[in-house]
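Asks: Input structure: final_13.txt, which contains compact mmCIF, N, CA, C and O atoms.
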# COMPACT_ATOMS: atom_id res chain seq x y z
N GLY A 1 2.35 33.95 26.11
CA GLY A 1 2.63 32.77 26.89
C GLY A 1 3.92 32.12 26.44
O GLY A 1 4.67 32.68 25.66
N ALA A 2 4.18 30.93 26.90
CA ALA A 2 5.43 30.25 26.60
C ALA A 2 5.38 29.53 25.26
O ALA A 2 6.41 29.26 24.66
N GLY A 3 4.19 29.22 24.76
CA GLY A 3 4.06 28.40 23.56
C GLY A 3 4.59 29.03 22.29
O GLY A 3 5.27 28.38 21.51
N TYR A 4 4.31 30.29 22.06
CA TYR A 4 4.72 30.96 20.84
C TYR A 4 5.54 32.20 21.20
O TYR A 4 5.14 33.32 20.96
N ALA A 5 6.69 31.97 21.81
CA ALA A 5 7.47 33.06 22.37
C ALA A 5 8.46 33.67 21.39
O ALA A 5 9.14 34.62 21.73
N GLY A 6 8.57 33.16 20.17
CA GLY A 6 9.54 33.67 19.23
C GLY A 6 9.22 35.08 18.77
O GLY A 6 8.06 35.42 18.53
N LEU A 7 10.24 35.91 18.66
CA LEU A 7 10.02 37.29 18.21
C LEU A 7 9.52 37.36 16.78
O LEU A 7 8.88 38.33 16.40
N THR A 8 9.77 36.33 15.99
CA THR A 8 9.25 36.33 14.62
C THR A 8 7.72 36.30 14.61
O THR A 8 7.10 36.72 13.64
N SER A 9 7.12 35.83 15.69
CA SER A 9 5.66 35.82 15.79
C SER A 9 5.09 37.23 15.75
O SER A 9 3.98 37.45 15.27
N PHE A 10 5.83 38.20 16.27
CA PHE A 10 5.37 39.59 16.24
C PHE A 10 5.19 40.05 14.80
O PHE A 10 4.18 40.66 14.46
N ALA A 11 6.16 39.77 13.97
CA ALA A 11 6.10 40.20 12.58
C ALA A 11 5.07 39.41 11.79
O ALA A 11 4.34 39.96 10.97
N ALA A 12 4.98 38.12 12.05
CA ALA A 12 4.08 37.26 11.28
C ALA A 12 2.62 37.48 11.63
O ALA A 12 1.76 37.46 10.75
N HIS A 13 2.32 37.70 12.90
CA HIS A 13 0.93 37.75 13.34
C HIS A 13 0.41 39.13 13.68
O HIS A 13 -0.80 39.33 13.75
N GLN A 14 1.30 40.08 13.93
CA GLN A 14 0.92 41.45 14.29
C GLN A 14 -0.22 41.47 15.31
O GLN A 14 -1.32 41.96 15.03
N PRO A 15 0.03 40.94 16.51
CA PRO A 15 -1.04 40.82 17.51
C PRO A 15 -1.45 42.17 18.10
O PRO A 15 -0.70 43.14 18.05
N ASP A 16 -2.64 42.20 18.68
CA ASP A 16 -3.10 43.39 19.41
C ASP A 16 -2.66 43.34 20.87
O ASP A 16 -2.47 44.37 21.50
N VAL A 17 -2.51 42.11 21.39
CA VAL A 17 -2.12 41.91 22.78
C VAL A 17 -1.07 40.79 22.83
O VAL A 17 -1.21 39.78 22.15
N VAL A 18 -0.04 40.99 23.65
CA VAL A 18 0.96 39.96 23.88
C VAL A 18 0.96 39.63 25.36
O VAL A 18 1.03 40.52 26.21
N MET A 19 0.84 38.34 25.68
CA MET A 19 0.86 37.89 27.07
C MET A 19 2.26 37.36 27.38
O MET A 19 2.75 36.47 26.70
N LEU A 20 2.87 37.94 28.41
CA LEU A 20 4.18 37.48 28.84
C LEU A 20 4.01 36.45 29.95
O LEU A 20 3.21 36.62 30.86
N ASP A 21 4.75 35.39 29.86
CA ASP A 21 4.64 34.26 30.76
C ASP A 21 5.00 34.63 32.20
O ASP A 21 5.94 35.37 32.44
N MET A 22 4.28 34.07 33.15
CA MET A 22 4.48 34.40 34.55
C MET A 22 5.86 34.01 35.07
O MET A 22 6.32 34.57 36.06
N GLU A 23 6.53 33.09 34.42
CA GLU A 23 7.88 32.73 34.85
C GLU A 23 8.83 33.93 34.76
O GLU A 23 9.82 34.00 35.49
N LEU A 24 8.53 34.88 33.89
CA LEU A 24 9.34 36.10 33.79
C LEU A 24 9.14 37.01 35.00
O LEU A 24 9.99 37.85 35.29
N PHE A 25 8.03 36.86 35.72
CA PHE A 25 7.68 37.79 36.78
C PHE A 25 7.99 37.30 38.18
O PHE A 25 7.95 38.08 39.12
N ARG A 26 8.27 36.02 38.34
CA ARG A 26 8.56 35.51 39.68
C ARG A 26 9.74 36.28 40.25
O ARG A 26 10.83 36.28 39.67
N ASP A 27 9.52 36.96 41.36
CA ASP A 27 10.56 37.72 42.06
C ASP A 27 11.26 38.73 41.15
O ASP A 27 12.45 38.98 41.31
N ILE A 28 10.53 39.31 40.22
CA ILE A 28 11.11 40.26 39.28
C ILE A 28 11.71 41.46 40.01
O ILE A 28 12.70 42.02 39.55
N HIS A 29 11.16 41.82 41.14
CA HIS A 29 11.66 42.94 41.92
C HIS A 29 13.06 42.66 42.49
O HIS A 29 13.75 43.58 42.91
N GLU A 30 13.49 41.41 42.47
CA GLU A 30 14.81 41.03 42.96
C GLU A 30 15.77 40.64 41.84
O GLU A 30 16.89 40.23 42.12
N SER A 31 15.34 40.76 40.60
CA SER A 31 16.15 40.30 39.48
C SER A 31 16.34 41.40 38.44
O SER A 31 15.45 41.66 37.62
N PRO A 32 17.51 42.04 38.43
CA PRO A 32 17.76 43.07 37.41
C PRO A 32 17.65 42.53 35.98
O PRO A 32 17.19 43.23 35.09
N THR A 33 18.04 41.29 35.77
CA THR A 33 17.97 40.70 34.43
C THR A 33 16.53 40.56 33.97
O THR A 33 16.17 40.98 32.86
N ARG A 34 15.68 39.99 34.81
CA ARG A 34 14.26 39.85 34.46
C ARG A 34 13.60 41.21 34.27
O ARG A 34 12.80 41.41 33.37
N SER A 35 13.95 42.13 35.13
CA SER A 35 13.38 43.47 35.06
C SER A 35 13.74 44.15 33.74
O SER A 35 12.88 44.75 33.08
N LYS A 36 14.98 44.05 33.33
CA LYS A 36 15.42 44.66 32.06
C LYS A 36 14.76 43.98 30.87
O LYS A 36 14.38 44.64 29.90
N LEU A 37 14.64 42.67 30.93
CA LEU A 37 14.00 41.93 29.84
C LEU A 37 12.54 42.34 29.68
O LEU A 37 12.08 42.65 28.58
N VAL A 38 11.81 42.38 30.78
CA VAL A 38 10.40 42.76 30.72
C VAL A 38 10.26 44.22 30.31
O VAL A 38 9.39 44.56 29.49
N SER A 39 11.10 45.09 30.81
CA SER A 39 11.07 46.50 30.42
C SER A 39 11.27 46.65 28.92
O SER A 39 10.57 47.43 28.26
N SER A 40 12.18 45.88 28.37
CA SER A 40 12.42 45.92 26.92
C SER A 40 11.22 45.43 26.13
O SER A 40 10.87 46.00 25.10
N MET A 41 10.58 44.36 26.62
CA MET A 41 9.40 43.83 25.94
C MET A 41 8.25 44.84 25.99
O MET A 41 7.55 45.03 24.99
N VAL A 42 8.07 45.49 27.14
CA VAL A 42 7.02 46.49 27.26
C VAL A 42 7.29 47.64 26.29
O VAL A 42 6.38 48.11 25.59
N SER A 43 8.53 48.08 26.20
CA SER A 43 8.89 49.17 25.28
C SER A 43 8.66 48.77 23.82
O SER A 43 8.12 49.56 23.04
N LEU A 44 9.07 47.55 23.47
CA LEU A 44 8.86 47.07 22.11
C LEU A 44 7.37 47.02 21.77
O LEU A 44 6.95 47.50 20.71
N CYS A 45 6.58 46.47 22.68
CA CYS A 45 5.14 46.40 22.45
C CYS A 45 4.54 47.78 22.29
O CYS A 45 3.71 48.01 21.40
N ARG A 46 4.94 48.70 23.12
CA ARG A 46 4.42 50.06 23.04
C ARG A 46 4.76 50.68 21.67
O ARG A 46 3.90 51.31 21.04
N GLU A 47 5.98 50.52 21.21
CA GLU A 47 6.39 51.06 19.91
C GLU A 47 5.60 50.44 18.76
O GLU A 47 5.36 51.10 17.75
N LEU A 48 5.20 49.18 18.91
CA LEU A 48 4.45 48.48 17.86
C LEU A 48 2.93 48.63 18.02
O LEU A 48 2.18 48.08 17.23
N GLY A 49 2.49 49.34 19.05
CA GLY A 49 1.06 49.51 19.28
C GLY A 49 0.38 48.26 19.80
O GLY A 49 -0.80 48.03 19.54
N ILE A 50 1.13 47.45 20.54
CA ILE A 50 0.62 46.20 21.09
C ILE A 50 0.48 46.35 22.60
O ILE A 50 1.38 46.85 23.26
N LEU A 51 -0.65 45.91 23.15
CA LEU A 51 -0.82 45.89 24.60
C LEU A 51 -0.03 44.73 25.18
O LEU A 51 0.03 43.65 24.60
N CYS A 52 0.56 44.96 26.34
CA CYS A 52 1.39 43.94 26.99
C CYS A 52 0.69 43.47 28.26
O CYS A 52 0.38 44.27 29.15
N LEU A 53 0.43 42.17 28.36
CA LEU A 53 -0.30 41.56 29.46
C LEU A 53 0.63 40.70 30.30
O LEU A 53 1.33 39.83 29.77
N ALA A 54 0.63 40.93 31.60
CA ALA A 54 1.38 40.09 32.54
C ALA A 54 0.42 39.08 33.15
O ALA A 54 -0.54 39.45 33.80
N GLU A 55 0.69 37.80 32.96
CA GLU A 55 -0.14 36.76 33.56
C GLU A 55 0.51 36.26 34.84
O GLU A 55 1.72 36.24 34.96
N GLY A 56 -0.31 35.87 35.80
CA GLY A 56 0.20 35.23 36.99
C GLY A 56 0.82 36.15 38.02
O GLY A 56 1.73 35.75 38.73
N VAL A 57 0.33 37.38 38.13
CA VAL A 57 0.84 38.31 39.14
C VAL A 57 0.29 37.87 40.49
O VAL A 57 -0.92 37.85 40.69
N GLU A 58 1.19 37.50 41.42
CA GLU A 58 0.73 36.87 42.66
C GLU A 58 1.03 37.63 43.94
O GLU A 58 0.51 37.28 44.99
N ASN A 59 1.88 38.66 43.90
CA ASN A 59 2.14 39.37 45.15
C ASN A 59 2.32 40.87 44.89
O ASN A 59 2.45 41.31 43.75
N ALA A 60 2.30 41.63 45.96
CA ALA A 60 2.34 43.09 45.87
C ALA A 60 3.64 43.59 45.25
O ALA A 60 3.62 44.56 44.48
N GLN A 61 4.75 42.94 45.54
CA GLN A 61 6.04 43.38 44.98
C GLN A 61 6.06 43.22 43.47
O GLN A 61 6.53 44.11 42.75
N GLU A 62 5.56 42.09 42.97
CA GLU A 62 5.49 41.88 41.52
C GLU A 62 4.56 42.92 40.89
O GLU A 62 4.91 43.53 39.87
N LEU A 63 3.40 43.11 41.49
CA LEU A 63 2.43 44.07 40.97
C LEU A 63 3.03 45.46 40.89
O LEU A 63 2.99 46.10 39.83
N ASP A 64 3.60 45.94 41.98
CA ASP A 64 4.18 47.29 42.00
C ASP A 64 5.30 47.44 40.97
O ASP A 64 5.39 48.45 40.27
N HIS A 65 6.14 46.42 40.87
CA HIS A 65 7.26 46.48 39.93
C HIS A 65 6.77 46.51 38.48
O HIS A 65 7.26 47.30 37.67
N LEU A 66 5.81 45.67 38.16
CA LEU A 66 5.28 45.62 36.79
C LEU A 66 4.56 46.90 36.41
O LEU A 66 4.69 47.38 35.28
N VAL A 67 3.83 47.48 37.35
CA VAL A 67 3.18 48.76 37.09
C VAL A 67 4.25 49.82 36.83
O VAL A 67 4.14 50.63 35.91
N GLY A 68 5.32 49.78 37.62
CA GLY A 68 6.43 50.71 37.43
C GLY A 68 7.13 50.57 36.09
O GLY A 68 7.66 51.54 35.55
N LEU A 69 7.12 49.36 35.54
CA LEU A 69 7.73 49.12 34.23
C LEU A 69 6.79 49.51 33.09
O LEU A 69 7.19 49.48 31.93
N GLY A 70 5.54 49.86 33.41
CA GLY A 70 4.60 50.31 32.40
C GLY A 70 3.74 49.22 31.79
O GLY A 70 3.16 49.41 30.71
N MET A 71 3.63 48.08 32.47
CA MET A 71 2.79 46.98 31.97
C MET A 71 1.37 47.49 31.76
O MET A 71 0.81 48.16 32.62
N ASP A 72 0.77 47.16 30.60
CA ASP A 72 -0.57 47.64 30.26
C ASP A 72 -1.67 46.89 31.00
O ASP A 72 -2.62 47.50 31.50
N LEU A 73 -1.58 45.57 31.04
CA LEU A 73 -2.64 44.73 31.59
C LEU A 73 -2.03 43.72 32.55
O LEU A 73 -0.92 43.22 32.33
N LEU A 74 -2.78 43.41 33.62
CA LEU A 74 -2.30 42.48 34.64
C LEU A 74 -3.40 41.49 35.00
O LEU A 74 -4.57 41.87 35.07
N GLN A 75 -3.02 40.23 35.23
CA GLN A 75 -3.96 39.24 35.72
C GLN A 75 -3.23 38.32 36.68
O GLN A 75 -2.02 38.17 36.60
N GLY A 76 -3.97 37.74 37.59
CA GLY A 76 -3.37 36.82 38.54
C GLY A 76 -4.03 36.92 39.91
O GLY A 76 -4.91 37.75 40.13
N TYR A 77 -3.59 36.09 40.83
CA TYR A 77 -4.18 36.02 42.17
C TYR A 77 -4.11 37.35 42.90
O TYR A 77 -4.97 37.65 43.72
N ARG A 78 -3.09 38.17 42.65
CA ARG A 78 -2.99 39.46 43.34
C ARG A 78 -4.08 40.41 42.86
O ARG A 78 -4.51 41.29 43.60
N ILE A 79 -4.55 40.23 41.63
CA ILE A 79 -5.60 41.08 41.06
C ILE A 79 -6.98 40.57 41.47
O ILE A 79 -7.80 41.30 41.97
N ALA A 80 -7.23 39.28 41.22
CA ALA A 80 -8.51 38.65 41.57
C ALA A 80 -8.35 37.14 41.53
O ALA A 80 -7.62 36.60 40.70
N LYS A 81 -9.03 36.47 42.42
CA LYS A 81 -9.05 35.00 42.43
C LYS A 81 -9.97 34.51 41.32
O LYS A 81 -10.93 35.20 40.95
N PRO A 82 -9.69 33.34 40.76
CA PRO A 82 -10.60 32.80 39.75
C PRO A 82 -12.00 32.62 40.32
O PRO A 82 -12.16 32.25 41.48
N ALA A 83 -13.00 32.89 39.50
CA ALA A 83 -14.39 32.72 39.93
C ALA A 83 -14.73 31.24 39.93
O ALA A 83 -14.24 30.47 39.11
N ALA A 84 -15.60 30.83 40.86
CA ALA A 84 -16.02 29.44 40.96
C ALA A 84 -16.87 29.03 39.76
O ALA A 84 -16.93 27.88 39.39
N GLU A 85 -17.55 29.99 39.18
CA GLU A 85 -18.41 29.71 38.02
C GLU A 85 -18.39 30.92 37.10
O GLU A 85 -18.00 32.00 37.48
N TYR A 86 -18.81 30.69 35.88
CA TYR A 86 -18.89 31.79 34.93
C TYR A 86 -19.98 32.75 35.34
O TYR A 86 -21.06 32.34 35.79
N GLN A 87 -19.71 34.00 35.18
CA GLN A 87 -20.72 35.03 35.47
C GLN A 87 -21.52 35.28 34.20
O GLN A 87 -20.96 35.26 33.10
N PRO A 88 -22.82 35.51 34.32
CA PRO A 88 -23.63 35.79 33.12
C PRO A 88 -23.20 37.10 32.47
O PRO A 88 -22.76 38.04 33.14
N VAL A 89 -23.32 37.13 31.17
CA VAL A 89 -22.98 38.32 30.41
C VAL A 89 -24.22 39.19 30.29
O VAL A 89 -25.29 38.72 29.91
N ASP A 90 -24.07 40.46 30.62
CA ASP A 90 -25.18 41.40 30.48
C ASP A 90 -25.06 42.03 29.09
O ASP A 90 -24.25 42.93 28.88
N ASP A 91 -25.81 41.54 28.14
CA ASP A 91 -25.71 42.04 26.77
C ASP A 91 -26.78 43.07 26.44
O ASP A 91 -27.06 43.36 25.28
N THR A 92 -27.39 43.66 27.47
CA THR A 92 -28.41 44.69 27.23
C THR A 92 -27.79 46.07 27.01
O THR A 92 -28.49 46.99 26.65
N ASN A 93 -26.49 46.20 27.26
CA ASN A 93 -25.83 47.51 27.08
C ASN A 93 -25.32 47.68 25.69
O ASN A 93 -24.86 46.97 24.99
Transcribe the structure of this file into structure tokens.

Replies:
Amino acid sequence: GAGYAGLTSFAAHQPDVVMLDMELFRDIHESPTRSKLVSSMVSLCRELGILCLAEGVENAQELDHLVGLGMDLLQGYRIAKPAAEYQPVDDTN
């Protein structure tokens, strides 16, 4: 997200998943700069064994572009709308 975006956080915290802020993805299919930045982040995460999550994917162009860049995980209105209530957890498995 936007709160802890410093690259030093990668070294200090060694996360399993990194969420990239949705502001990076708005119209990414029309922005070579944003596309290169996200591509670099995905590559860095892959080299470090970190999953890369795109938050706020809202349209088909963003989704297709992010999949093409190798994004590991996606969330947002294009994937699924927020649920009105929490779904029960089936812990019998």

Asks: For His65 in chain A, please output as a list in words all residues within 10 Å (counting only C-alpha atoms; exclusion window: fewer than 4 positions along the same chain).

Replies: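 The residues satisfying every condition are Phe25, Asp27, Ile28, His29, Glu30, Ser35, Ala60, Gln61, Leu69, Gly70 and Met71 of chain A.
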
Asks: Just the residues within 9 Å of Ile79 in chain A, please, counting only C-alpha atoms, with nothing from its chain fewer than 6 positions along; format it as a PyMOL selection string.

Replies: chain A and resi 57-59+63

Asks: In chain A, what's alpha helix (DSSP H) per DSSP? Answer as a VMD selection string?

Replies: chain A and resid 8 to 13 32 to 48 60 to 68

Asks: CA of Cys52 in chain A to atom O of Gly76 in chain A: how many Å, to one decimal?

Replies: 15.8 Å

Asks: May I have all residues of chain A that DSSP, computed from the backbone, assigns to strand (DSSP E or B), given as a tab-separated table (two decimals) with N, CA, C and O atoms, in the frame of the given file?

Replies:
chain	number	residue	atom	x	y	z
A	17	VAL	N	-2.51	42.11	21.39
A	17	VAL	CA	-2.12	41.91	22.78
A	17	VAL	C	-1.07	40.79	22.83
A	17	VAL	O	-1.21	39.78	22.15
A	18	VAL	N	-0.04	40.99	23.65
A	18	VAL	CA	0.96	39.96	23.88
A	18	VAL	C	0.96	39.63	25.36
A	18	VAL	O	1.03	40.52	26.21
A	19	MET	N	0.84	38.34	25.68
A	19	MET	CA	0.86	37.89	27.07
A	19	MET	C	2.26	37.36	27.38
A	19	MET	O	2.75	36.47	26.70
A	20	LEU	N	2.87	37.94	28.41
A	20	LEU	CA	4.18	37.48	28.84
A	20	LEU	C	4.01	36.45	29.95
A	20	LEU	O	3.21	36.62	30.86
A	51	LEU	N	-0.65	45.91	23.15
A	51	LEU	CA	-0.82	45.89	24.60
A	51	LEU	C	-0.03	44.73	25.18
A	51	LEU	O	0.03	43.65	24.60
A	52	CYS	N	0.56	44.96	26.34
A	52	CYS	CA	1.39	43.94	26.99
A	52	CYS	C	0.69	43.47	28.26
A	52	CYS	O	0.38	44.27	29.15
A	53	LEU	N	0.43	42.17	28.36
A	53	LEU	CA	-0.30	41.56	29.46
A	53	LEU	C	0.63	40.70	30.30
A	53	LEU	O	1.33	39.83	29.77
A	54	ALA	N	0.63	40.93	31.60
A	54	ALA	CA	1.38	40.09	32.54
A	54	ALA	C	0.42	39.08	33.15
A	54	ALA	O	-0.54	39.45	33.80
A	73	LEU	N	-1.58	45.57	31.04
A	73	LEU	CA	-2.64	44.73	31.59
A	73	LEU	C	-2.03	43.72	32.55
A	73	LEU	O	-0.92	43.22	32.33
A	74	LEU	N	-2.78	43.41	33.62
A	74	LEU	CA	-2.30	42.48	34.64
A	74	LEU	C	-3.40	41.49	35.00
A	74	LEU	O	-4.57	41.87	35.07

Asks: So the first atom is atom C of Ala12 in chain A and the second is atom O of Leu74 in chain A; what is the distance between them in Å, to one decimal place?

Replies: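 Atom-to-atom, atom C of Ala12 in chain A and atom O of Leu74 in chain A are spaced 24.9 Å apart.
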
Asks: Step by step: start from the point (-3.3, 44.2, 20.0) in the file's coordinates, keep every protein, DNA or RNA residue that has an atom no farther than 5 Å from it, count all atoms listed in the file, and write the set as a list in words.

Replies: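 Here the neighbourhood of the point contains Pro15, Asp16, Val17, Gly49, Ile50 and Leu51 of chain A.
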
Asks: Give me a file of those residues, with N, CA, C and O atoms, as a tab-separated table (two decimals), in the coordinates of the input.

Replies:
chain	number	residue	atom	x	y	z
A	15	PRO	N	0.03	40.94	16.51
A	15	PRO	CA	-1.04	40.82	17.51
A	15	PRO	C	-1.45	42.17	18.10
A	15	PRO	O	-0.70	43.14	18.05
A	16	ASP	N	-2.64	42.20	18.68
A	16	ASP	CA	-3.10	43.39	19.41
A	16	ASP	C	-2.66	43.34	20.87
A	16	ASP	O	-2.47	44.37	21.50
A	17	VAL	N	-2.51	42.11	21.39
A	17	VAL	CA	-2.12	41.91	22.78
A	17	VAL	C	-1.07	40.79	22.83
A	17	VAL	O	-1.21	39.78	22.15
A	49	GLY	N	2.49	49.34	19.05
A	49	GLY	CA	1.06	49.51	19.28
A	49	GLY	C	0.38	48.26	19.80
A	49	GLY	O	-0.80	48.03	19.54
A	50	ILE	N	1.13	47.45	20.54
A	50	ILE	CA	0.62	46.20	21.09
A	50	ILE	C	0.48	46.35	22.60
A	50	ILE	O	1.38	46.85	23.26
A	51	LEU	N	-0.65	45.91	23.15
A	51	LEU	CA	-0.82	45.89	24.60
A	51	LEU	C	-0.03	44.73	25.18
A	51	LEU	O	0.03	43.65	24.60

Asks: Give the answer as one residue: which of A:Leu7, A:Leu37, A:Ala54, A:Leu48 has the shortest atom-to-atom distance to Asp21 in chain A, using only N, CA, C and O atoms?

Replies: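 Nearest to Asp21 in chain A: A:Ala54.
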
Asks: Reconstruct all heavy atoms of range 41-50 of chain A; output as a compact mmCIF listing (two decimals), keeping the file's coordinate frame.

Replies:
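Listing of part-v2.txt after writing:
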# COMPACT_ATOMS: atom_id res chain seq x y z
N MET A 41 10.58 44.36 26.62
CA MET A 41 9.40 43.83 25.94
C MET A 41 8.25 44.84 25.99
O MET A 41 7.55 45.03 24.99
CB MET A 41 8.97 42.50 26.56
CG MET A 41 9.92 41.36 26.30
SD MET A 41 10.16 41.03 24.54
CE MET A 41 8.51 40.58 24.06
N VAL A 42 8.07 45.49 27.14
CA VAL A 42 7.02 46.49 27.26
C VAL A 42 7.29 47.64 26.29
O VAL A 42 6.38 48.11 25.59
CB VAL A 42 6.90 47.01 28.72
CG1 VAL A 42 6.01 48.23 28.81
CG2 VAL A 42 6.38 45.90 29.63
N SER A 43 8.53 48.08 26.20
CA SER A 43 8.89 49.17 25.28
C SER A 43 8.66 48.77 23.82
O SER A 43 8.12 49.56 23.04
CB SER A 43 10.36 49.57 25.47
OG SER A 43 10.55 50.14 26.72
N LEU A 44 9.07 47.55 23.47
CA LEU A 44 8.86 47.07 22.11
C LEU A 44 7.37 47.02 21.77
O LEU A 44 6.95 47.50 20.71
CB LEU A 44 9.47 45.67 21.94
CG LEU A 44 9.21 44.98 20.60
CD1 LEU A 44 9.80 45.78 19.45
CD2 LEU A 44 9.74 43.56 20.63
N CYS A 45 6.58 46.47 22.68
CA CYS A 45 5.14 46.40 22.45
C CYS A 45 4.54 47.78 22.29
O CYS A 45 3.71 48.01 21.40
CB CYS A 45 4.46 45.63 23.59
SG CYS A 45 4.75 43.85 23.54
N ARG A 46 4.94 48.70 23.12
CA ARG A 46 4.42 50.06 23.04
C ARG A 46 4.76 50.68 21.67
O ARG A 46 3.90 51.31 21.04
CB ARG A 46 4.99 50.91 24.18
CG ARG A 46 4.39 52.31 24.21
CD ARG A 46 4.57 53.01 25.53
NE ARG A 46 3.68 52.38 26.52
CZ ARG A 46 4.09 51.92 27.70
NH1 ARG A 46 5.33 52.01 28.05
NH2 ARG A 46 3.22 51.37 28.52
N GLU A 47 5.98 50.52 21.21
CA GLU A 47 6.39 51.06 19.91
C GLU A 47 5.60 50.44 18.76
O GLU A 47 5.36 51.10 17.75
CB GLU A 47 7.88 50.82 19.69
CG GLU A 47 8.77 51.69 20.55
CD GLU A 47 10.25 51.42 20.32
OE1 GLU A 47 10.61 50.97 19.22
OE2 GLU A 47 11.03 51.66 21.26
N LEU A 48 5.20 49.18 18.91
CA LEU A 48 4.45 48.48 17.86
C LEU A 48 2.93 48.63 18.02
O LEU A 48 2.18 48.08 17.23
CB LEU A 48 4.83 46.99 17.85
CG LEU A 48 6.27 46.68 17.48
CD1 LEU A 48 6.56 45.19 17.67
CD2 LEU A 48 6.56 47.11 16.05
N GLY A 49 2.49 49.34 19.05
CA GLY A 49 1.06 49.51 19.28
C GLY A 49 0.38 48.26 19.80
O GLY A 49 -0.80 48.03 19.54
N ILE A 50 1.13 47.45 20.54
CA ILE A 50 0.62 46.20 21.09
C ILE A 50 0.48 46.35 22.60
O ILE A 50 1.38 46.85 23.26
CB ILE A 50 1.61 45.04 20.78
CG1 ILE A 50 1.79 44.86 19.27
CG2 ILE A 50 1.15 43.74 21.44
CD1 ILE A 50 2.94 43.93 18.90
